[in-house]
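K.L.:
This is model00.txt (compact mmCIF, N, CA and C atoms).
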# COMPACT_ATOMS: atom_id res chain seq x y z
N MET I 1 0.84 -1.18 0.00
CA MET I 1 0.00 0.00 0.00
C MET I 1 0.89 1.24 0.00
N TYR I 2 0.44 2.24 -0.69
CA TYR I 2 1.19 3.49 -0.77
C TYR I 2 0.99 4.30 0.50
N ARG I 3 2.04 4.87 0.98
CA ARG I 3 1.95 5.79 2.12
C ARG I 3 1.73 7.22 1.63
N ASN I 4 2.16 7.50 0.40
CA ASN I 4 2.07 8.84 -0.15
C ASN I 4 1.14 8.81 -1.36
N ILE I 5 -0.01 9.44 -1.21
CA ILE I 5 -1.02 9.43 -2.27
C ILE I 5 -0.54 10.13 -3.53
N GLU I 6 0.25 11.17 -3.37
CA GLU I 6 0.76 11.90 -4.54
C GLU I 6 1.72 11.03 -5.34
N GLU I 7 2.51 10.20 -4.67
CA GLU I 7 3.39 9.26 -5.36
C GLU I 7 2.56 8.25 -6.15
N LEU I 8 1.49 7.76 -5.53
CA LEU I 8 0.58 6.84 -6.22
C LEU I 8 0.00 7.50 -7.47
N PHE I 9 -0.54 8.72 -7.31
CA PHE I 9 -1.15 9.41 -8.44
C PHE I 9 -0.13 9.70 -9.54
N LEU I 10 1.11 9.99 -9.17
CA LEU I 10 2.16 10.20 -10.17
C LEU I 10 2.40 8.92 -10.95
N ASN I 11 2.50 7.79 -10.26
CA ASN I 11 2.71 6.51 -10.95
C ASN I 11 1.51 6.15 -11.83
N LEU I 12 0.30 6.38 -11.34
CA LEU I 12 -0.90 6.10 -12.13
C LEU I 12 -0.97 6.98 -13.37
N SER I 13 -0.49 8.21 -13.26
CA SER I 13 -0.54 9.14 -14.40
C SER I 13 0.35 8.69 -15.55
N LYS I 14 1.29 7.80 -15.28
CA LYS I 14 2.17 7.28 -16.32
C LYS I 14 1.53 6.14 -17.11
N SER I 15 0.39 5.67 -16.61
CA SER I 15 -0.34 4.61 -17.30
C SER I 15 -1.36 5.24 -18.25
N LYS I 16 -1.24 4.94 -19.53
CA LYS I 16 -2.18 5.49 -20.51
C LYS I 16 -3.61 5.09 -20.17
N PHE I 17 -3.81 3.85 -19.78
CA PHE I 17 -5.15 3.37 -19.44
C PHE I 17 -5.70 4.11 -18.23
N ARG I 18 -4.95 4.16 -17.14
CA ARG I 18 -5.43 4.77 -15.89
C ARG I 18 -5.66 6.28 -16.05
N SER I 19 -4.81 6.94 -16.79
CA SER I 19 -4.90 8.39 -16.91
C SER I 19 -6.02 8.85 -17.85
N ASN I 20 -6.65 7.92 -18.55
CA ASN I 20 -7.76 8.26 -19.44
C ASN I 20 -9.09 8.49 -18.70
N PHE I 21 -9.19 8.06 -17.46
CA PHE I 21 -10.45 8.17 -16.74
C PHE I 21 -10.65 9.58 -16.21
N LYS I 22 -11.82 10.12 -16.47
CA LYS I 22 -12.20 11.48 -16.04
C LYS I 22 -13.65 11.44 -15.58
N LEU I 23 -13.97 12.31 -14.65
CA LEU I 23 -15.37 12.46 -14.25
C LEU I 23 -16.09 13.26 -15.34
N LYS I 24 -17.22 12.77 -15.74
CA LYS I 24 -18.05 13.48 -16.72
C LYS I 24 -18.99 14.42 -15.98
N ARG I 25 -19.63 15.30 -16.73
CA ARG I 25 -20.56 16.27 -16.14
C ARG I 25 -21.61 15.58 -15.28
N LYS I 26 -22.17 14.45 -15.77
CA LYS I 26 -23.21 13.76 -14.99
C LYS I 26 -22.65 13.20 -13.68
N ASP I 27 -21.38 12.81 -13.67
CA ASP I 27 -20.75 12.33 -12.44
C ASP I 27 -20.61 13.48 -11.44
N ILE I 28 -20.17 14.63 -11.94
CA ILE I 28 -20.00 15.82 -11.10
C ILE I 28 -21.35 16.26 -10.54
N ASP I 29 -22.37 16.25 -11.39
CA ASP I 29 -23.71 16.62 -10.94
C ASP I 29 -24.22 15.64 -9.88
N TYR I 30 -23.92 14.37 -10.06
CA TYR I 30 -24.33 13.35 -9.09
C TYR I 30 -23.67 13.60 -7.74
N ILE I 31 -22.39 13.93 -7.76
CA ILE I 31 -21.67 14.23 -6.51
C ILE I 31 -22.29 15.45 -5.84
N LYS I 32 -22.57 16.49 -6.62
CA LYS I 32 -23.19 17.71 -6.07
C LYS I 32 -24.55 17.38 -5.45
N ASP I 33 -25.32 16.55 -6.13
CA ASP I 33 -26.65 16.20 -5.67
C ASP I 33 -26.62 15.35 -4.39
N LYS I 34 -25.76 14.34 -4.35
CA LYS I 34 -25.71 13.41 -3.22
C LYS I 34 -24.85 13.91 -2.08
N GLY I 35 -23.80 14.65 -2.41
CA GLY I 35 -22.85 15.09 -1.39
C GLY I 35 -21.68 14.12 -1.29
N ILE I 36 -20.53 14.64 -0.99
CA ILE I 36 -19.30 13.83 -0.96
C ILE I 36 -19.35 12.75 0.12
N GLU I 37 -20.03 13.02 1.23
CA GLU I 37 -20.14 12.02 2.30
C GLU I 37 -20.93 10.80 1.84
N GLU I 38 -22.00 11.04 1.06
CA GLU I 38 -22.80 9.93 0.54
C GLU I 38 -22.02 9.13 -0.50
N ILE I 39 -21.23 9.81 -1.31
CA ILE I 39 -20.39 9.12 -2.30
C ILE I 39 -19.40 8.22 -1.58
N GLU I 40 -18.85 8.70 -0.47
CA GLU I 40 -17.92 7.87 0.30
C GLU I 40 -18.61 6.64 0.88
N LYS I 41 -19.84 6.79 1.34
CA LYS I 41 -20.61 5.63 1.83
C LYS I 41 -20.80 4.61 0.70
N HIS I 42 -21.12 5.11 -0.48
CA HIS I 42 -21.28 4.22 -1.64
C HIS I 42 -19.97 3.50 -1.93
N ALA I 43 -18.85 4.24 -1.88
CA ALA I 43 -17.54 3.64 -2.16
C ALA I 43 -17.24 2.51 -1.16
N TYR I 44 -17.52 2.74 0.12
CA TYR I 44 -17.33 1.69 1.12
C TYR I 44 -18.15 0.45 0.78
N LYS I 45 -19.40 0.67 0.41
CA LYS I 45 -20.28 -0.46 0.08
C LYS I 45 -19.76 -1.21 -1.15
N PHE I 46 -19.36 -0.46 -2.18
CA PHE I 46 -18.84 -1.11 -3.39
C PHE I 46 -17.59 -1.93 -3.07
N VAL I 47 -16.67 -1.36 -2.32
CA VAL I 47 -15.43 -2.07 -1.98
C VAL I 47 -15.75 -3.30 -1.14
N HIS I 48 -16.60 -3.12 -0.15
CA HIS I 48 -16.95 -4.26 0.70
C HIS I 48 -17.64 -5.36 -0.10
N ASP I 49 -18.64 -4.99 -0.89
CA ASP I 49 -19.43 -5.99 -1.62
C ASP I 49 -18.69 -6.63 -2.79
N ARG I 50 -17.82 -5.88 -3.45
CA ARG I 50 -17.21 -6.37 -4.69
C ARG I 50 -15.76 -6.81 -4.57
N LEU I 51 -15.06 -6.37 -3.51
CA LEU I 51 -13.62 -6.63 -3.43
C LEU I 51 -13.15 -7.34 -2.17
N SER I 52 -13.95 -7.36 -1.12
CA SER I 52 -13.42 -7.78 0.18
C SER I 52 -13.33 -9.29 0.38
N SER I 53 -14.03 -10.07 -0.42
CA SER I 53 -14.03 -11.52 -0.24
C SER I 53 -12.70 -12.16 -0.58
N LYS I 54 -12.48 -13.30 0.00
CA LYS I 54 -11.25 -14.06 -0.27
C LYS I 54 -11.20 -14.52 -1.73
N ILE I 55 -12.32 -15.01 -2.22
CA ILE I 55 -12.39 -15.49 -3.60
C ILE I 55 -13.49 -14.71 -4.34
N ILE I 56 -13.14 -14.16 -5.47
CA ILE I 56 -14.09 -13.41 -6.29
C ILE I 56 -14.12 -14.09 -7.66
N LEU I 57 -15.23 -14.70 -7.96
CA LEU I 57 -15.32 -15.49 -9.19
C LEU I 57 -15.21 -14.64 -10.46
N ASN I 58 -15.71 -13.42 -10.41
CA ASN I 58 -15.66 -12.57 -11.60
C ASN I 58 -14.59 -11.48 -11.47
N ASP I 59 -13.49 -11.80 -10.79
CA ASP I 59 -12.45 -10.79 -10.59
C ASP I 59 -11.97 -10.25 -11.93
N GLY I 60 -11.88 -8.95 -11.98
CA GLY I 60 -11.49 -8.27 -13.21
C GLY I 60 -12.69 -7.76 -13.99
N LYS I 61 -13.88 -8.18 -13.57
CA LYS I 61 -15.10 -7.77 -14.27
C LYS I 61 -16.18 -7.26 -13.31
N GLN I 62 -15.85 -7.13 -12.04
CA GLN I 62 -16.88 -6.78 -11.06
C GLN I 62 -17.16 -5.29 -10.93
N THR I 63 -16.32 -4.44 -11.50
CA THR I 63 -16.52 -3.00 -11.39
C THR I 63 -16.90 -2.42 -12.75
N PRO I 64 -18.10 -1.87 -12.84
CA PRO I 64 -18.52 -1.25 -14.12
C PRO I 64 -17.60 -0.10 -14.51
N MET I 65 -17.56 0.20 -15.79
CA MET I 65 -16.72 1.29 -16.30
C MET I 65 -17.41 2.64 -16.20
N ARG I 66 -18.69 2.65 -15.88
CA ARG I 66 -19.42 3.91 -15.74
C ARG I 66 -20.63 3.65 -14.84
N GLY I 67 -21.36 4.75 -14.54
CA GLY I 67 -22.58 4.60 -13.77
C GLY I 67 -22.50 5.18 -12.36
N HIS I 68 -21.29 5.41 -11.86
CA HIS I 68 -21.11 6.01 -10.54
C HIS I 68 -19.70 6.60 -10.49
N PRO I 69 -19.54 7.77 -9.85
CA PRO I 69 -18.19 8.36 -9.76
C PRO I 69 -17.17 7.43 -9.10
N ALA I 70 -17.61 6.63 -8.14
CA ALA I 70 -16.67 5.70 -7.47
C ALA I 70 -16.15 4.65 -8.45
N PHE I 71 -16.98 4.21 -9.38
CA PHE I 71 -16.52 3.22 -10.37
C PHE I 71 -15.42 3.82 -11.25
N ILE I 72 -15.63 5.05 -11.68
CA ILE I 72 -14.62 5.74 -12.50
C ILE I 72 -13.32 5.86 -11.71
N ALA I 73 -13.45 6.28 -10.46
CA ALA I 73 -12.27 6.44 -9.60
C ALA I 73 -11.56 5.11 -9.36
N GLN I 74 -12.33 4.04 -9.22
CA GLN I 74 -11.70 2.73 -9.01
C GLN I 74 -10.82 2.34 -10.20
N HIS I 75 -11.29 2.58 -11.40
CA HIS I 75 -10.48 2.25 -12.57
C HIS I 75 -9.28 3.19 -12.68
N ALA I 76 -9.49 4.46 -12.39
CA ALA I 76 -8.40 5.44 -12.46
C ALA I 76 -7.31 5.16 -11.44
N THR I 77 -7.69 4.57 -10.30
CA THR I 77 -6.73 4.35 -9.22
C THR I 77 -6.32 2.89 -9.06
N ALA I 78 -6.72 2.04 -9.98
CA ALA I 78 -6.38 0.62 -9.95
C ALA I 78 -6.85 -0.05 -8.66
N THR I 79 -8.07 0.34 -8.23
CA THR I 79 -8.71 -0.29 -7.08
C THR I 79 -9.99 -0.99 -7.52
N CYS I 80 -10.02 -1.42 -8.76
CA CYS I 80 -11.22 -1.98 -9.38
C CYS I 80 -11.35 -3.49 -9.21
N CYS I 81 -10.26 -4.19 -9.02
CA CYS I 81 -10.31 -5.64 -8.86
C CYS I 81 -9.11 -6.10 -8.04
N ARG I 82 -9.14 -7.33 -7.61
CA ARG I 82 -8.06 -7.84 -6.77
C ARG I 82 -6.76 -7.95 -7.55
N GLY I 83 -6.85 -8.22 -8.84
CA GLY I 83 -5.64 -8.26 -9.66
C GLY I 83 -4.93 -6.91 -9.68
N CYS I 84 -5.70 -5.85 -9.89
CA CYS I 84 -5.11 -4.49 -9.90
C CYS I 84 -4.65 -4.08 -8.51
N LEU I 85 -5.41 -4.47 -7.49
CA LEU I 85 -4.98 -4.15 -6.12
C LEU I 85 -3.64 -4.80 -5.80
N PHE I 86 -3.43 -6.00 -6.31
CA PHE I 86 -2.15 -6.67 -6.09
C PHE I 86 -1.03 -6.00 -6.90
N LYS I 87 -1.29 -5.78 -8.17
CA LYS I 87 -0.27 -5.22 -9.06
C LYS I 87 0.16 -3.81 -8.63
N TRP I 88 -0.81 -2.95 -8.35
CA TRP I 88 -0.50 -1.54 -8.09
C TRP I 88 -0.32 -1.20 -6.61
N HIS I 89 -1.04 -1.91 -5.73
CA HIS I 89 -1.05 -1.54 -4.31
C HIS I 89 -0.45 -2.61 -3.41
N HIS I 90 -0.06 -3.74 -3.99
CA HIS I 90 0.59 -4.83 -3.26
C HIS I 90 -0.29 -5.41 -2.16
N ILE I 91 -1.60 -5.42 -2.41
CA ILE I 91 -2.55 -6.06 -1.50
C ILE I 91 -2.77 -7.47 -2.02
N PRO I 92 -2.39 -8.47 -1.24
CA PRO I 92 -2.46 -9.86 -1.72
C PRO I 92 -3.86 -10.30 -2.12
N LYS I 93 -3.90 -11.16 -3.12
CA LYS I 93 -5.15 -11.77 -3.56
C LYS I 93 -5.45 -12.97 -2.66
N ASN I 94 -6.63 -13.53 -2.85
CA ASN I 94 -7.03 -14.78 -2.19
C ASN I 94 -7.00 -14.72 -0.67
N LYS I 95 -7.38 -13.55 -0.14
CA LYS I 95 -7.55 -13.40 1.31
C LYS I 95 -8.60 -12.32 1.53
N GLU I 96 -9.31 -12.40 2.64
CA GLU I 96 -10.27 -11.36 2.99
C GLU I 96 -9.52 -10.04 3.18
N LEU I 97 -10.10 -8.96 2.70
CA LEU I 97 -9.50 -7.65 2.96
C LEU I 97 -9.69 -7.30 4.43
N THR I 98 -8.69 -6.69 5.02
CA THR I 98 -8.80 -6.22 6.40
C THR I 98 -9.53 -4.88 6.41
N LYS I 99 -9.96 -4.48 7.58
CA LYS I 99 -10.60 -3.16 7.74
C LYS I 99 -9.63 -2.07 7.28
N GLU I 100 -8.36 -2.20 7.63
CA GLU I 100 -7.34 -1.22 7.25
C GLU I 100 -7.21 -1.14 5.72
N GLU I 101 -7.21 -2.29 5.06
CA GLU I 101 -7.10 -2.31 3.60
C GLU I 101 -8.33 -1.68 2.94
N ILE I 102 -9.51 -1.97 3.46
CA ILE I 102 -10.73 -1.36 2.92
C ILE I 102 -10.68 0.15 3.10
N GLU I 103 -10.28 0.61 4.27
CA GLU I 103 -10.17 2.05 4.51
C GLU I 103 -9.15 2.70 3.59
N TYR I 104 -8.03 2.01 3.36
CA TYR I 104 -7.01 2.52 2.44
C TYR I 104 -7.59 2.66 1.03
N ILE I 105 -8.26 1.61 0.55
CA ILE I 105 -8.83 1.62 -0.81
C ILE I 105 -9.83 2.76 -0.95
N VAL I 106 -10.72 2.90 0.01
CA VAL I 106 -11.72 3.96 -0.05
C VAL I 106 -11.05 5.34 0.01
N SER I 107 -9.99 5.46 0.81
CA SER I 107 -9.29 6.75 0.88
C SER I 107 -8.65 7.11 -0.46
N VAL I 108 -8.15 6.13 -1.17
CA VAL I 108 -7.57 6.36 -2.50
C VAL I 108 -8.67 6.79 -3.47
N ILE I 109 -9.78 6.07 -3.46
CA ILE I 109 -10.91 6.40 -4.34
C ILE I 109 -11.38 7.83 -4.07
N MET I 110 -11.56 8.16 -2.81
CA MET I 110 -12.08 9.48 -2.45
C MET I 110 -11.07 10.59 -2.73
N ALA I 111 -9.80 10.32 -2.54
CA ALA I 111 -8.78 11.33 -2.87
C ALA I 111 -8.81 11.65 -4.36
N TRP I 112 -8.96 10.62 -5.18
CA TRP I 112 -9.03 10.85 -6.64
C TRP I 112 -10.29 11.64 -6.99
N ILE I 113 -11.43 11.25 -6.40
CA ILE I 113 -12.67 11.97 -6.69
C ILE I 113 -12.53 13.44 -6.29
N LYS I 114 -12.04 13.70 -5.11
CA LYS I 114 -11.90 15.08 -4.63
C LYS I 114 -10.95 15.88 -5.51
N LYS I 115 -9.88 15.23 -5.97
CA LYS I 115 -8.91 15.89 -6.84
C LYS I 115 -9.51 16.22 -8.21
N ASN I 116 -10.43 15.41 -8.66
CA ASN I 116 -10.99 15.55 -10.00
C ASN I 116 -12.41 16.13 -10.03
N TYR I 117 -12.88 16.56 -8.90
CA TYR I 117 -14.25 17.03 -8.76
C TYR I 117 -14.43 18.53 -9.05
N GLN I 118 -13.37 19.24 -9.29
CA GLN I 118 -13.46 20.70 -9.49
C GLN I 118 -14.31 21.07 -10.65
In C-alpha cells, write the structure found in this file.
P.N.:
Amino acid sequence: MYRNIEELFLNLSKSKFRSNFKLKRKDIDYIKDKGIEEIEKHAYKFVHDRLSSKIILNDGKQTPMRGHPAFIAQHATATCCRGCLFKWHHIPKNKELTKEEIEYIVSVIMAWIKKNYQ
C-alpha cells in the first residue's frame, strides 16, 4: 500500500489506461446532488461488496466502467479488482480484505474523486 497518495497518483498518471479516466458532467452533478459524504458511503459499500471476499469469481469484471463516480475512480486508481490491487497496491489476492485495507482503498478512491471534482 502506498503511504504517499501523490506518489501513487504520479505513478498512475504514467499509465495510458489509468490516466484516461475522467469524471463526466453527470458524475460531477451526481456528486453535487448526493454530497461527498454519501459518495464515500457508496464507495465503502462497493469495496466491501465487490472486493473484500477471499475469492471473487468474476475478478477483473466486477466493477462497471461507468454509472457512478466511485466506479470511474476505481479504474483510475487501480482499485477496481483484486488483480489491480495486487499489481498496483501490493494487497495480496485470495484473502479477505482487512478493515485497514478497505479504509485505504476507499481513501484512495475518495482522494481521486476530490482531486478531479473541481
K.L.:
Could you check the closest approach to Met65 in chain I for each of I:Ile5, I:Ile28, I:Ile109, I:Cys80 and tell me which residue wins, using only C-alpha atoms?
P.N.:
I:Cys80
K.L.:
As an exercise, work out the distance from CA of Ala70 in chain I to CA of Ala43 in chain I in Å and give it to one decimal place.
P.N.:
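Atom-to-atom, CA of Ala70 in chain I to CA of Ala43 in chain I, that is 5.8 Å.
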K.L.:
Write out as a PyMOL selection string the residues lying within 8 Å of Leu51 in chain I, counting only N, CA and C atoms and excluding same-chain residues fewer than 6 positions away.
P.N.:
chain I and resi 45+62+79-82+95-97
K.L.:
Could you write those residues out with N, CA and C atoms, as a PDB file, keeping the file's coordinate frame?
P.N.:
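So again_24.pdb came out as:
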ATOM      1  N   LYS I  45     -19.400   0.670   0.410  1.00  0.00           N
ATOM      2  CA  LYS I  45     -20.280  -0.460   0.080  1.00  0.00           C
ATOM      3  C   LYS I  45     -19.760  -1.210  -1.150  1.00  0.00           C
ATOM      4  N   GLN I  62     -15.850  -7.130 -12.040  1.00  0.00           N
ATOM      5  CA  GLN I  62     -16.880  -6.780 -11.060  1.00  0.00           C
ATOM      6  C   GLN I  62     -17.160  -5.290 -10.930  1.00  0.00           C
ATOM      7  N   THR I  79      -8.070   0.340  -8.230  1.00  0.00           N
ATOM      8  CA  THR I  79      -8.710  -0.290  -7.080  1.00  0.00           C
ATOM      9  C   THR I  79      -9.990  -0.990  -7.520  1.00  0.00           C
ATOM     10  N   CYS I  80     -10.020  -1.420  -8.760  1.00  0.00           N
ATOM     11  CA  CYS I  80     -11.220  -1.980  -9.380  1.00  0.00           C
ATOM     12  C   CYS I  80     -11.350  -3.490  -9.210  1.00  0.00           C
ATOM     13  N   CYS I  81     -10.260  -4.190  -9.020  1.00  0.00           N
ATOM     14  CA  CYS I  81     -10.310  -5.640  -8.860  1.00  0.00           C
ATOM     15  C   CYS I  81      -9.110  -6.100  -8.040  1.00  0.00           C
ATOM     16  N   ARG I  82      -9.140  -7.330  -7.610  1.00  0.00           N
ATOM     17  CA  ARG I  82      -8.060  -7.840  -6.770  1.00  0.00           C
ATOM     18  C   ARG I  82      -6.760  -7.950  -7.550  1.00  0.00           C
ATOM     19  N   LYS I  95      -7.380 -13.550  -0.140  1.00  0.00           N
ATOM     20  CA  LYS I  95      -7.550 -13.400   1.310  1.00  0.00           C
ATOM     21  C   LYS I  95      -8.600 -12.320   1.530  1.00  0.00           C
ATOM     22  N   GLU I  96      -9.310 -12.400   2.640  1.00  0.00           N
ATOM     23  CA  GLU I  96     -10.270 -11.360   2.990  1.00  0.00           C
ATOM     24  C   GLU I  96      -9.520 -10.040   3.180  1.00  0.00           C
ATOM     25  N   LEU I  97     -10.100  -8.960   2.700  1.00  0.00           N
ATOM     26  CA  LEU I  97      -9.500  -7.650   2.960  1.00  0.00           C
ATOM     27  C   LEU I  97      -9.690  -7.300   4.430  1.00  0.00           C
TER      28      LEU I  97
END
K.L.:
Identify, on the basis of all atoms listed in the file, every residue whose closest approach to Ser19 in chain I does not exceed 8 Å; exclude the query and any residue fewer than 4 positions from it along the same chain; express the result as a list in words.
P.N.:
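With the cut-off at 8 Å, the set is Leu12, Ser13, Lys14, Ser15, His75, Ala76 and Thr77 of chain I.
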K.L.:
Provide an axis-aligned box for all listed atoms of range 82-93 of chain I, padding each side by 5 Å; report its centre and its edge lengths in Å to one decimal, as JSON.
P.N.:
{"center_x": -4.3, "center_y": -7.1, "center_z": -5.6, "size_x": 19.7, "size_y": 21.8, "size_z": 18.7}
K.L.:
I'd like to know which of I:His90, I:Lys99, I:Gly83, I:Met110 is closest to Phe71 in chain I, using only C-alpha atoms.
P.N.:
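Once distances to Phe71 in chain I are computed over only C-alpha atoms, the minimum belongs to I:Met110.
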K.L.:
If you run DSSP on the backbone, which residues of range 7-117 of chain I are alpha helix (DSSP H), as a PyMOL selection string?
P.N.:
chain I and resi 7-13+16-19+25-34+36-51+69-76+82-89+99-116
K.L.:
Mind pulling up the distance from atom C of Arg66 in chain I to atom N of Ile113 in chain I?
P.N.:
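Separating atom N of Ile113 in chain I from atom C of Arg66 in chain I is a distance of 14.6 Å.
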K.L.:
Quick one: pull the distance between atom N of Met1 in chain I and CA of Pro92 in chain I, Å, one decimal.
P.N.:
9.4 Å
K.L.:
Restricting the calculation to only C-alpha atoms: of I:Ser107, I:Gln74, I:Ser53, I:Asn58, which residue gets closest to Glu40 in chain I?
P.N.:
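Using only C-alpha atoms, the shortest distance to Glu40 in chain I belongs to I:Ser107.
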K.L.:
Which one is closest to Tyr117 in chain I: I:Tyr44, I:Asp27, I:Tyr2, I:Asn20? Count only N, CA and C atoms.
P.N.:
I:Asp27
